[in-house]
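Undergrad: To be precise about what I am sending: the file is called work_5.cif and holds mmCIF, C-alpha atoms.
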```cif
data_target
#
loop_
_atom_site.label_atom_id
_atom_site.label_comp_id
_atom_site.auth_asym_id
_atom_site.auth_seq_id
_atom_site.Cartn_x
_atom_site.Cartn_y
_atom_site.Cartn_z
CA MET P 201 71.56 114.08 115.08
CA GLN P 202 72.80 111.30 112.79
CA ILE P 203 73.99 111.44 109.20
CA ASP P 204 71.52 109.93 106.77
CA ALA P 205 72.58 106.35 105.83
CA ALA P 206 72.48 107.07 102.09
CA VAL P 207 74.57 110.21 102.61
CA ARG P 208 77.12 108.29 104.70
CA LYS P 209 77.40 105.64 101.96
CA SER P 210 77.82 108.34 99.30
CA ILE P 211 80.53 110.07 101.36
CA PHE P 212 82.56 106.86 101.87
CA LYS P 213 82.23 105.90 98.19
CA GLY P 214 83.32 109.39 97.11
CA ILE P 215 86.26 109.56 99.52
CA SER P 216 87.49 106.12 98.38
CA LEU P 217 87.41 107.29 94.75
CA SER P 218 89.15 110.54 95.78
CA LEU P 219 92.19 108.62 97.05
CA PHE P 220 92.80 107.41 93.49
CA ILE P 221 92.16 110.89 92.05
CA TYR P 222 94.79 112.38 94.39
CA ALA P 223 97.31 109.78 93.23
CA LEU P 224 96.42 110.16 89.52
CA PRO P 225 98.60 113.20 88.59
CA VAL P 226 101.64 111.73 90.37
CA ALA P 227 101.07 108.36 88.68
CA LEU P 228 100.85 110.09 85.29
CA LEU P 229 104.01 112.08 86.09
CA PHE P 230 105.82 108.88 86.97
CA LEU P 231 104.63 107.11 83.80
CA THR P 232 105.68 110.05 81.62
CA PHE P 233 109.15 110.13 83.15
CA ALA P 234 109.49 106.35 82.92
CA LEU P 235 108.37 106.17 79.29
CA ARG P 236 110.33 109.20 78.10
CA GLY P 237 113.35 108.64 80.32
CA GLN P 238 113.07 112.21 81.65
CA HIS P 239 114.66 113.40 84.87
CA PRO P 240 113.92 117.11 85.12
CA TRP P 241 115.46 117.79 88.51
CA HIS P 242 115.30 121.52 88.06
CA SER P 243 112.66 124.26 88.12
CA PRO P 244 111.68 125.44 84.64
CA LEU P 245 110.71 128.87 85.98
CA SER P 246 113.26 131.66 86.03
CA ALA P 247 113.55 134.07 88.96
CA ASN P 248 112.04 136.75 86.73
CA GLN P 249 108.97 134.61 85.91
CA SER P 250 108.50 133.77 89.59
CA TRP P 251 108.68 137.49 90.45
CA TRP P 252 105.93 138.33 87.92
CA LEU P 253 103.74 135.49 89.20
CA GLY P 254 104.15 136.82 92.74
CA ARG P 255 103.15 140.35 91.68
CA TRP P 256 100.11 139.02 89.80
CA ASN P 257 99.10 136.99 92.86
CA ASP P 258 99.35 140.03 95.15
CA TRP P 259 98.25 143.02 93.06
CA GLY P 260 96.53 141.39 90.07
CA ILE P 261 93.99 139.51 92.18
CA THR P 262 93.44 142.52 94.45
CA GLY P 263 92.82 144.75 91.41
CA PHE P 264 90.47 142.16 89.91
CA MET P 265 88.39 142.04 93.12
CA VAL P 266 88.21 145.82 93.41
CA VAL P 267 87.05 146.18 89.77
CA LEU P 268 84.46 143.37 90.12
CA GLY P 269 83.15 144.76 93.43
CA LEU P 270 82.82 148.25 91.95
CA ALA P 271 81.08 146.86 88.86
CA GLU P 272 78.52 145.10 91.06
CA LEU P 273 77.91 148.29 93.04
CA VAL P 274 77.68 150.55 89.99
CA LEU P 275 75.35 148.14 88.16
CA GLY P 276 73.10 148.09 91.24
CA LEU P 277 73.43 144.33 91.66
CA TYR P 278 73.44 144.49 95.46
CA ASP P 279 69.96 144.33 96.90
CA HIS P 280 69.87 147.44 99.11
CA ASP P 281 66.74 146.33 100.97
CA ARG P 282 68.32 143.10 102.13
CA TRP P 283 71.94 144.33 102.36
CA ASP P 284 71.30 146.10 105.65
CA GLY P 285 73.77 147.29 108.31
CA ASN P 286 74.12 143.89 109.98
CA GLU P 287 74.73 142.12 106.65
CA LYS P 288 77.26 144.77 105.63
CA LEU P 289 79.15 144.33 108.91
CA THR P 290 79.10 140.53 108.46
CA ASP P 291 80.43 140.86 104.90
CA ILE P 292 83.12 143.40 105.86
CA ALA P 293 84.37 141.39 108.88
CA CYS P 294 84.48 138.18 106.83
CA PHE P 295 86.15 139.90 103.84
CA ALA P 296 88.83 141.61 105.99
CA PHE P 297 89.64 138.62 108.22
CA PRO P 298 91.35 136.42 105.57
CA ARG P 299 93.36 139.36 104.27
CA ILE P 300 94.44 140.92 107.58
CA ILE P 301 94.70 137.90 109.91
CA VAL P 302 94.67 134.66 107.93
CA ARG P 303 97.37 135.57 105.38
CA PRO P 304 99.97 136.58 108.00
CA PHE P 305 98.99 133.49 109.99
CA PHE P 306 99.62 131.16 107.03
CA THR P 307 102.83 133.00 106.19
CA TYR P 308 104.01 132.32 109.75
CA PHE P 309 102.85 128.70 109.42
CA SER P 310 104.84 128.26 106.19
CA LEU P 311 107.99 130.07 107.30
CA LYS P 312 108.22 128.98 110.92
CA VAL P 313 105.94 126.03 111.75
CA LEU P 314 106.58 123.82 108.69
CA PRO P 315 110.42 124.03 108.90
CA PHE P 316 110.08 123.07 112.57
CA VAL P 317 107.67 120.17 111.95
CA LEU P 318 109.29 118.96 108.70
CA PRO P 319 112.98 119.91 108.98
CA GLY P 320 115.34 119.32 106.08
CA VAL P 321 112.73 118.74 103.38
CA ALA P 322 112.22 122.31 102.14
CA ASN P 323 112.09 122.37 98.32
CA ILE P 324 112.82 118.64 97.94
CA PHE P 325 110.25 118.48 95.13
CA ARG P 326 111.43 121.64 93.37
CA TRP P 327 112.26 119.40 90.39
CA VAL P 328 108.56 118.81 89.59
CA PRO P 329 107.95 120.51 86.21
CA PHE P 330 105.77 123.61 86.43
CA TRP P 331 102.67 122.29 84.61
CA TRP P 332 102.81 118.95 86.45
CA GLY P 333 102.93 120.94 89.69
CA PHE P 334 99.97 122.97 88.43
CA LEU P 335 97.96 119.78 87.83
CA ILE P 336 98.94 118.29 91.20
CA ILE P 337 97.96 121.43 93.14
CA CYS P 338 94.74 121.98 91.17
CA ILE P 339 93.57 118.51 92.15
CA ALA P 340 95.03 118.48 95.68
CA ASP P 341 93.75 121.93 96.66
CA ASP P 342 90.32 121.89 95.05
CA LEU P 343 89.39 118.26 95.76
CA THR P 344 90.32 118.79 99.43
CA GLN P 345 88.16 121.92 99.54
CA TYR P 346 85.32 119.99 97.90
CA TRP P 347 85.37 117.46 100.75
CA TYR P 348 85.88 120.11 103.43
CA HIS P 349 82.86 121.99 102.04
CA ARG P 350 80.68 118.92 101.46
CA LEU P 351 81.30 117.55 104.95
CA HIS P 352 80.25 120.90 106.46
CA HIS P 353 76.92 120.48 104.65
CA GLN P 354 76.32 116.79 105.22
CA VAL P 355 77.70 116.23 108.73
CA PRO P 356 75.12 117.91 110.99
CA TRP P 357 77.53 119.01 113.76
CA LEU P 358 79.78 120.76 111.22
CA TRP P 359 77.00 122.75 109.56
CA ARG P 360 77.00 125.77 111.92
CA TYR P 361 80.65 126.56 111.04
CA HIS P 362 79.58 127.03 107.41
CA ARG P 363 76.13 128.55 107.95
CA THR P 364 77.39 132.17 107.67
CA HIS P 365 78.35 131.55 104.03
CA HIS P 366 74.73 130.66 103.23
CA SER P 367 72.82 133.10 105.41
CA ALA P 368 73.00 136.10 103.05
CA PRO P 369 69.75 136.56 101.12
CA TYR P 370 71.72 137.93 98.13
CA MET P 371 74.76 137.04 96.02
CA GLY P 372 77.89 139.06 95.22
CA MET P 373 81.65 138.69 94.89
CA SER P 374 82.14 139.26 98.64
CA MET P 375 80.12 136.09 99.34
CA ALA P 376 83.21 134.05 98.46
CA SER P 377 84.83 135.29 101.69
CA ARG P 378 81.72 135.39 103.87
CA GLN P 379 82.65 132.60 106.29
CA ASN P 380 82.77 131.94 110.00
CA ALA P 381 86.35 132.62 111.26
CA PHE P 382 86.82 128.99 112.39
CA TYR P 383 85.77 127.71 108.98
CA THR P 384 88.39 129.94 107.31
CA ILE P 385 91.27 129.42 109.73
CA PHE P 386 90.97 125.61 109.51
CA PHE P 387 90.68 125.42 105.72
CA SER P 388 92.29 122.03 105.04
CA GLN P 389 93.29 122.85 101.46
CA THR P 390 95.28 125.90 102.62
CA TYR P 391 97.40 123.80 104.99
CA LEU P 392 97.84 121.17 102.27
CA THR P 393 98.88 123.67 99.60
CA SER P 394 101.16 125.53 102.06
CA SER P 395 102.90 122.21 102.76
CA LEU P 396 103.30 121.53 99.02
CA VAL P 397 104.73 125.05 98.57
CA TYR P 398 107.22 124.34 101.37
CA LEU P 399 108.17 121.11 99.58
CA GLY P 400 108.95 123.07 96.39
CA LEU P 401 105.74 123.54 94.35
CA GLY P 402 105.54 127.31 95.01
CA PRO P 403 105.41 128.73 91.44
CA SER P 404 102.63 126.32 90.43
CA ALA P 405 100.69 127.18 93.59
CA LEU P 406 100.77 130.88 92.69
CA VAL P 407 99.09 130.25 89.33
CA VAL P 408 96.51 127.86 90.82
CA HIS P 409 95.71 130.42 93.53
CA ALA P 410 95.22 133.15 90.92
CA ALA P 411 92.96 130.97 88.73
CA LYS P 412 90.98 129.68 91.70
CA SER P 413 90.44 133.14 93.19
CA MET P 414 89.06 134.40 89.88
CA ILE P 415 86.79 131.39 89.24
CA THR P 416 85.32 131.26 92.77
CA THR P 417 84.85 135.04 92.98
CA LEU P 418 83.10 135.08 89.58
CA ALA P 419 80.93 132.08 90.59
CA HIS P 420 79.64 134.04 93.60
CA SER P 421 79.33 137.32 91.69
CA SER P 422 75.92 138.79 90.92
CA ILE P 423 77.14 139.36 87.35
CA PRO P 424 75.81 136.34 85.38
CA TRP P 425 78.77 136.12 83.00
CA ASP P 426 77.72 132.62 81.89
CA LYS P 427 74.25 133.66 80.65
CA PRO P 428 75.30 134.32 77.00
CA PHE P 429 76.57 130.74 76.80
CA TYR P 430 73.04 129.46 77.51
CA GLN P 431 71.23 132.05 75.36
CA HIS P 432 73.06 131.52 72.07
CA ARG P 433 72.69 128.11 70.48
CA VAL P 434 76.11 128.31 68.85
CA LEU P 435 77.71 128.58 72.29
CA HIS P 436 75.85 125.59 73.78
CA PRO P 437 78.70 123.10 73.22
CA ILE P 438 81.08 125.44 75.09
CA ALA P 439 78.46 125.88 77.84
CA TRP P 440 78.11 122.09 78.17
CA VAL P 441 81.84 121.70 78.82
CA LEU P 442 82.20 124.86 80.92
CA GLU P 443 79.34 124.13 83.33
CA ARG P 444 80.65 120.63 83.98
CA PHE P 445 84.26 121.68 84.37
CA ILE P 446 84.26 124.83 86.52
CA SER P 447 81.85 126.53 88.92
CA THR P 448 79.66 129.05 87.12
CA PRO P 449 77.19 131.59 88.54
CA ALA P 450 74.26 129.33 87.50
CA THR P 451 75.51 126.20 89.27
CA HIS P 452 76.98 127.97 92.29
CA HIS P 453 74.02 130.33 92.74
CA ALA P 454 71.84 127.18 92.81
CA HIS P 455 73.95 126.02 95.77
CA HIS P 456 73.12 129.29 97.57
CA ALA P 457 69.36 129.11 96.89
CA ASP P 458 67.05 129.06 99.91
CA SER P 459 64.98 126.23 98.48
CA THR P 460 65.21 123.19 96.22
CA ASP P 461 61.49 123.16 95.50
CA ASP P 462 61.66 124.95 92.16
CA GLY P 463 64.09 122.58 90.42
CA VAL P 464 66.62 125.42 90.07
CA GLY P 465 68.00 125.84 93.60
CA TYR P 466 70.08 122.97 94.91
CA TYR P 467 71.76 123.60 98.25
CA LYS P 468 72.07 119.83 98.74
CA GLY P 469 74.81 119.65 96.12
CA ASN P 470 76.96 121.74 93.74
CA PHE P 471 79.75 121.81 96.34
CA GLY P 472 82.62 122.40 93.88
CA ASN P 473 84.69 125.57 94.33
CA MET P 474 87.02 125.95 91.35
CA PHE P 475 86.07 122.69 89.59
CA PHE P 476 82.47 121.56 89.21
CA LEU P 477 83.88 118.31 87.86
CA TRP P 478 83.93 116.87 91.41
CA ASP P 479 80.15 117.26 91.68
CA VAL P 480 79.69 115.52 88.33
CA MET P 481 82.00 112.68 89.40
CA PHE P 482 80.55 112.20 92.88
CA GLY P 483 76.89 112.57 91.90
CA THR P 484 76.22 115.86 93.68
CA ALA P 485 75.72 117.99 90.55
CA HIS P 486 72.55 119.79 89.53
CA ILE P 487 72.61 121.81 86.29
CA SER P 488 69.55 123.82 85.24
CA ARG P 489 71.11 126.81 83.39
CA GLN P 490 68.81 129.05 85.45
CA TYR P 491 69.31 131.30 88.47
CA PRO P 492 67.36 130.89 91.72
CA ARG P 493 64.66 133.42 92.59
CA SER P 494 65.84 133.81 96.18
CA TYR P 495 68.97 133.08 98.17
CA GLY P 496 70.00 132.35 101.75
CA ILE P 497 68.45 130.15 104.43
CA SER P 498 64.66 129.95 104.56
CA HIS P 499 64.52 130.36 108.38
CA TYR P 500 67.25 133.05 108.65
CA ALA P 501 66.28 135.94 110.91
CA GLY P 502 69.36 138.18 110.78
CA ASP P 503 71.73 136.79 113.40
CA PRO P 504 74.14 139.50 114.66
CA TRP P 505 77.34 139.82 112.64
CA TYR P 506 79.61 138.94 115.59
CA ALA P 507 77.75 135.63 116.17
CA GLN P 508 77.93 134.76 112.46
CA PHE P 509 81.61 135.61 112.34
CA LEU P 510 82.78 134.06 115.62
CA TRP P 511 80.28 131.36 116.59
CA PRO P 512 80.66 129.44 118.97
CA VAL P 513 82.64 132.11 120.89
CA PHE P 514 79.73 134.56 120.49
CA LYS P 515 76.14 133.32 120.29
CA SER P 516 73.16 134.79 118.48
CA ASN P 517 70.40 136.56 120.39
CA VAL P 518 67.82 135.41 117.83
CA GLU P 519 65.61 132.90 119.61
CA GLY P 520 65.51 129.47 117.96
CA SER P 521 68.44 130.28 115.68
CA GLU P 522 71.02 127.57 114.97
CA LEU P 523 73.61 130.02 116.35
CA ALA P 524 71.70 130.77 119.58
CA ALA P 525 72.96 129.37 122.90
CA ASN P 526 70.25 126.70 123.05
CA GLY P 527 69.49 126.62 119.35
CA PRO P 528 69.10 123.45 117.28
CA MET P 529 72.12 121.94 115.52
CA VAL P 530 70.24 122.00 112.21
CA LYS P 531 66.89 123.69 111.83
CA GLU P 532 64.16 122.36 109.55
CA GLU P 533 63.81 124.12 106.21
CA LYS P 534 60.86 126.51 106.06
CA PRO P 535 58.62 125.42 103.15
CA SER P 536 58.45 128.05 100.43
CA ALA P 537 55.11 129.80 99.97
CA ASP P 538 54.60 128.72 96.35
CA TYR P 539 55.74 125.13 96.87
CA SER P 540 54.14 122.55 94.68
CA PRO P 541 55.07 118.83 94.79
CA ALA P 542 54.93 118.78 90.99
CA THR P 543 57.97 121.08 90.84
CA GLU P 544 60.08 118.95 93.13
CA SER P 545 62.26 117.45 90.39
CA GLY P 546 65.91 117.47 91.39
CA SER P 547 65.48 118.00 95.09
CA GLY P 548 66.51 115.09 97.22
CA ALA P 549 67.71 113.21 94.14
CA LEU P 550 70.61 111.87 96.18
CA GLY P 551 68.48 111.03 99.15
CA LEU P 552 70.29 113.67 101.16
CA SER P 553 68.65 114.63 104.40
CA SER P 554 66.45 117.70 104.03
CA GLN P 555 67.74 118.79 107.44
CA THR P 556 71.35 119.11 106.34
CA VAL P 557 70.93 122.33 104.39
CA MET G 11 81.84 129.02 124.75
CA ASN G 12 81.23 125.94 126.85
CA PHE G 13 82.66 122.40 126.98
CA THR G 14 80.33 121.15 124.20
CA ASP G 15 81.50 123.97 121.92
CA ALA G 16 85.15 123.20 122.67
CA TRP G 17 84.53 119.49 121.98
CA LEU G 18 82.81 120.26 118.66
CA LEU G 19 85.70 122.53 117.67
CA THR G 20 88.21 119.82 118.57
CA LYS G 21 86.31 117.27 116.47
CA LYS G 22 86.20 119.76 113.58
CA ILE G 23 89.98 120.30 113.80
CA VAL G 24 90.59 116.53 113.82
CA VAL G 25 88.43 116.08 110.68
CA GLY G 26 90.39 118.92 109.06
CA ILE G 27 93.74 117.36 109.97
CA VAL G 28 92.71 113.99 108.51
CA ILE G 29 91.54 115.45 105.19
CA THR G 30 94.80 117.41 104.99
CA LEU G 31 97.21 114.61 105.89
CA VAL G 32 95.70 111.85 103.72
CA PRO G 33 96.23 113.68 100.37
CA LEU G 34 99.57 115.06 101.61
CA ALA G 35 100.78 111.51 102.35
CA ILE G 36 99.57 110.23 98.95
CA LEU G 37 101.22 113.10 97.05
CA THR G 38 104.53 113.25 98.91
CA GLY G 39 104.79 109.45 98.87
CA GLY G 40 104.10 109.40 95.13
CA LEU G 41 106.58 112.18 94.36
CA TRP G 42 109.24 110.57 96.54
CA LEU G 43 108.76 107.24 94.74
CA THR G 44 108.88 109.00 91.35
CA GLN G 45 112.14 110.75 92.25
CA ARG G 46 113.63 107.53 93.58
CA PHE G 47 112.68 105.30 90.64
CA ALA G 48 113.03 107.88 87.86
CA GLY G 49 116.41 108.80 89.41
CA ALA G 50 117.45 105.15 89.38
CA HIS G 51 116.21 104.86 85.79
CA ALA G 52 118.27 107.91 84.78
CA GLN G 53 121.33 106.48 86.59
CA ASP G 54 120.90 103.13 84.78
CA LYS G 55 120.80 104.90 81.43
CA GLN G 56 123.90 106.91 82.34
CA THR G 57 125.77 103.74 83.44
CA THR G 58 124.82 101.96 80.20
CA SER G 59 126.08 104.86 78.06
CA THR G 60 129.35 104.98 80.03
CA LYS G 61 129.81 101.24 79.48
CA ALA G 62 129.08 101.63 75.77
CA VAL G 63 131.71 104.37 75.50
CA THR G 64 134.22 102.19 77.42
CA TYR G 65 133.60 99.19 75.13
CA ALA G 66 133.90 101.38 72.04
CA ASN G 67 137.30 102.54 73.19
#
```
Take the structure from the file and write it as structure tokens.
TA:
Amino acid sequence: MQIDAAVRKSIFKGISLSLFIYALPVALLFLTFALRGQHPWHSPLSANQSWWLGRWNDWGITGFMVVLGLAELVLGLYDHDRWDGNEKLTDIACFAFPRIIVRPFFTYFSLKVLPFVLPGVANIFRWVPFWWGFLIICIADDLTQYWYHRLHHQVPWLWRYHRTHHSAPYMGMSMASRQNAFYTIFFSQTYLTSSLVYLGLGPSALVVHAAKSMITTLAHSSIPWDKPFYQHRVLHPIAWVLERFISTPATHHAHHADSTDDGVGYYKGNFGNMFFLWDVMFGTAHISRQYPRSYGISHYAGDPWYAQFLWPVFKSNVEGSELAANGPMVKEEKPSADYSPATESGSGALGLSSQTV
Amino acid sequence: MNFTDAWLLTKKIVVGIVITLVPLAILTGGLWLTQRFAGAHAQDKQTTSTKAVTYAN
């Protein structure tokens, strides 16, 4: 299965532009130092500040997720009919894996592998001022994740590694972690940010990680925190900026819709994780200020949790599934029952292949 | 897991490595150049001030 020619062109154009975006914060840093004659070869953060950032990263984020998860449960925002035993097991396995296995793995990678591969360069960029480091990591981490994510949608043979994230017919904060194990363990942005931490940008990385965790978790949450911004006219200017800058429930829920037929759902774009800005810049954005009626994959038939979590090691026993032993690489979208060509505005606007969900 | 699966996984890892190393090279190269040139700039300024002090004396 080949990538659509228009999609391939769009990917190459976007990646070329990204090379300049990666270099932008460093170029600005250089210009600032050159013009002001600065040479801040020291870390502006005290040991005490670093300690508090570390605590917030560990316990603050954990507390935030627990409170948000409980709020979703108490408010009845999980669909009990569709959140069955198999979906619960998929969600639990995917939620536990990054916390129990991936974190220790990346800690080992940072403490043992990087010093072995890159000896003698630990903390060589410790002099980068905190907020410059923050800008560098925001762009480096999130732009890399944008491309990692987008390629898993638009390159047909990568799709099945990301399918688990889209198979749930509901939304909730735990969706942010619902991923195939191979998708999570090979997250490019995590290796990139770990390397930058090793090179000395640790304190900035802690703050970016905290901000990113909150934004992405809230974008997946079933609590539509952005709705008041669309309902009240006085808040519209803030909404305009917000929805173009970061991922909101409206734009990210559209990415998880099971159809693009209604002009609200848009699984062919809205790939941004922390920043939605990338979608705006690379022409993959779709903003409707509405929430899709249904989520997931139109042809999903409840693949077993172990296949969703560990495909291709374990295969699905659902015949014809993309995760089955002889299943298709990408299955055709099932047309929605109330589809009308008149409501097709927005879908396929980029000429993306309808097969690359 | 058969040979095709292993091949797909290998290709996926290679794609991941490329999209990690390209930004890492751009950023580390840029920071290294900044440190080198801004350091030289700072050294130049320091040398000039030292000379000025010497001439004043």
Undergrad: Compare P:Thr416, P:Asn257, P:Ser216, P:Thr484 by their minimum atom-to-atom distance to Gly402 (chain P), counting only C-alpha atoms, and give me the closest one.
TA: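 Looking only at the distances to Gly402 (chain P), the closest residue turns out to be P:Asn257.
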Undergrad: Quick check on the file I pasted: which residues fall under the PyMOL selection byres ((chain P) within 6 of (chain G))? Write them as a ChimeraX atom specification.
TA: /P:226,230,388,392,512-513
Undergrad: Between CA of Ile261 (chain P) and CA of Asp281 (chain P), what is the distance, to one decimal in Å?
TA: 29.4 Å
Undergrad: Go through P:Glu522, P:Asp461, P:Glu443, P:Asp503 one by one, measure the shortest atom-to-atom distance of each to Ala485 (chain P) using all atoms listed in the file, and give the residue with the smallest value.
TA: P:Glu443
Undergrad: Go through the shown structure with the PyMOL selection byres ((chain P and resi 390) around 12) and write out the matching residues as a count of residues only.
TA: 38
Undergrad: Please evaluate the PyMOL selection byres ((chain P and resi 439) around 10) against the structure above and give the resulting residues as a CSV table (one decimal) with C-alpha atoms, in the coordinates of the input.
TA:
```csv
chain,number,residue,atom,x,y,z
P,426,ASP,CA,77.7,132.6,81.9
P,427,LYS,CA,74.2,133.7,80.6
P,428,PRO,CA,75.3,134.3,77.0
P,429,PHE,CA,76.6,130.7,76.8
P,430,TYR,CA,73.0,129.5,77.5
P,431,GLN,CA,71.2,132.0,75.4
P,432,HIS,CA,73.1,131.5,72.1
P,433,ARG,CA,72.7,128.1,70.5
P,434,VAL,CA,76.1,128.3,68.8
P,435,LEU,CA,77.7,128.6,72.3
P,436,HIS,CA,75.8,125.6,73.8
P,437,PRO,CA,78.7,123.1,73.2
P,438,ILE,CA,81.1,125.4,75.1
P,440,TRP,CA,78.1,122.1,78.2
P,441,VAL,CA,81.8,121.7,78.8
P,442,LEU,CA,82.2,124.9,80.9
P,443,GLU,CA,79.3,124.1,83.3
P,444,ARG,CA,80.6,120.6,84.0
P,445,PHE,CA,84.3,121.7,84.4
P,448,THR,CA,79.7,129.0,87.1
P,489,ARG,CA,71.1,126.8,83.4
```
Undergrad: Return the single residue from P:Ile203, P:Met373, P:Leu523, P:Val407 that is closest to Val267 (chain P), with distances computed using only C-alpha atoms.
TA: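 The answer is P:Met373, which sits nearest to Val267 (chain P).
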Undergrad: Quote the spacing between CA of Phe325 (chain P) and CA of Gly260 (chain P) in Å to one decimal place.
TA: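 Going from CA of Phe325 (chain P) over to CA of Gly260 (chain P), I get 27.2 Å.
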Undergrad: Just the number, please: distance in Å from CA of Pro329 (chain P) to CA of Gly254 (chain P), one decimal.
TA: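 Value for the CA of Pro329 (chain P)-CA of Gly254 (chain P) distance: 18.0 Å.
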Undergrad: Need the shell around Lys412 (chain P): protein/DNA/RNA residues with any atom at most 10 Å away, counting only C-alpha atoms. Skip same-chain ones fewer than 2 positions apart. Format as a PyMOL selection string?
TA: chain P and resi 338+341-342+406-410+414-418+446+473-475
Undergrad: Near Trp511 (chain P), counting all atoms listed in the file, which residues have an atom at most 9 Å away, once you skip same-chain residues fewer than 6 positions from it, shown as a PyMOL selection string?
TA: (chain P and resi 360-361+380-382+523) or (chain G and resi 11)
Undergrad: Got a sec: who's within 12 Å of Ala501 (chain P), counting only C-alpha atoms, leaving out chain neighbours fewer than 5 positions off, as a compact mmCIF listing (two decimals) with C-alpha atoms, keeping the file's coordinate frame?
TA:
```txt
# COMPACT_ATOMS: atom_id res chain seq x y z
CA ARG P 282 68.32 143.10 102.13
CA ASN P 286 74.12 143.89 109.98
CA GLU P 287 74.73 142.12 106.65
CA SER P 367 72.82 133.10 105.41
CA ALA P 368 73.00 136.10 103.05
CA PRO P 369 69.75 136.56 101.12
CA GLY P 496 70.00 132.35 101.75
CA GLN P 508 77.93 134.76 112.46
CA SER P 516 73.16 134.79 118.48
CA ASN P 517 70.40 136.56 120.39
CA VAL P 518 67.82 135.41 117.83
CA GLU P 519 65.61 132.90 119.61
CA GLY P 520 65.51 129.47 117.96
CA SER P 521 68.44 130.28 115.68
CA GLU P 522 71.02 127.57 114.97
CA LEU P 523 73.61 130.02 116.35
CA ALA P 524 71.70 130.77 119.58
CA LYS P 534 60.86 126.51 106.06
```
Undergrad: Here is a test: counting all atoms listed in the file, which residue of P:Lys213, P:Arg326, P:His366, P:Arg350 is nearest to Asp458 (chain P)?
TA: P:His366
Undergrad: Taking (78.4, 140.9, 104.7) in the file's own coordinates, collect the residues within 10 Å, counting all atoms listed in the file, and hand them back as a PyMOL selection string.
TA: chain P and resi 283-295+364-365+367-368+370+372+374-375+377-379+505+508-509
Undergrad: Please write the residues from the selection above to a file, keeping C-alpha atoms, as a JSON list (two decimals), keeping the file's coordinate frame.
TA:
```json
[["chain", "number", "residue", "atom", "x", "y", "z"],
["P", 283, "TRP", "CA", 71.94, 144.33, 102.36],
["P", 284, "ASP", "CA", 71.30, 146.10, 105.65],
["P", 285, "GLY", "CA", 73.77, 147.29, 108.31],
["P", 286, "ASN", "CA", 74.12, 143.89, 109.98],
["P", 287, "GLU", "CA", 74.73, 142.12, 106.65],
["P", 288, "LYS", "CA", 77.26, 144.77, 105.63],
["P", 289, "LEU", "CA", 79.15, 144.33, 108.91],
["P", 290, "THR", "CA", 79.10, 140.53, 108.46],
["P", 291, "ASP", "CA", 80.43, 140.86, 104.90],
["P", 292, "ILE", "CA", 83.12, 143.40, 105.86],
["P", 293, "ALA", "CA", 84.37, 141.39, 108.88],
["P", 294, "CYS", "CA", 84.48, 138.18, 106.83],
["P", 295, "PHE", "CA", 86.15, 139.90, 103.84],
["P", 364, "THR", "CA", 77.39, 132.17, 107.67],
["P", 365, "HIS", "CA", 78.35, 131.55, 104.03],
["P", 367, "SER", "CA", 72.82, 133.10, 105.41],
["P", 368, "ALA", "CA", 73.00, 136.10, 103.05],
["P", 370, "TYR", "CA", 71.72, 137.93, 98.13],
["P", 372, "GLY", "CA", 77.89, 139.06, 95.22],
["P", 374, "SER", "CA", 82.14, 139.26, 98.64],
["P", 375, "MET", "CA", 80.12, 136.09, 99.34],
["P", 377, "SER", "CA", 84.83, 135.29, 101.69],
["P", 378, "ARG", "CA", 81.72, 135.39, 103.87],
["P", 379, "GLN", "CA", 82.65, 132.60, 106.29],
["P", 505, "TRP", "CA", 77.34, 139.82, 112.64],
["P", 508, "GLN", "CA", 77.93, 134.76, 112.46],
["P", 509, "PHE", "CA", 81.61, 135.61, 112.34]]
```
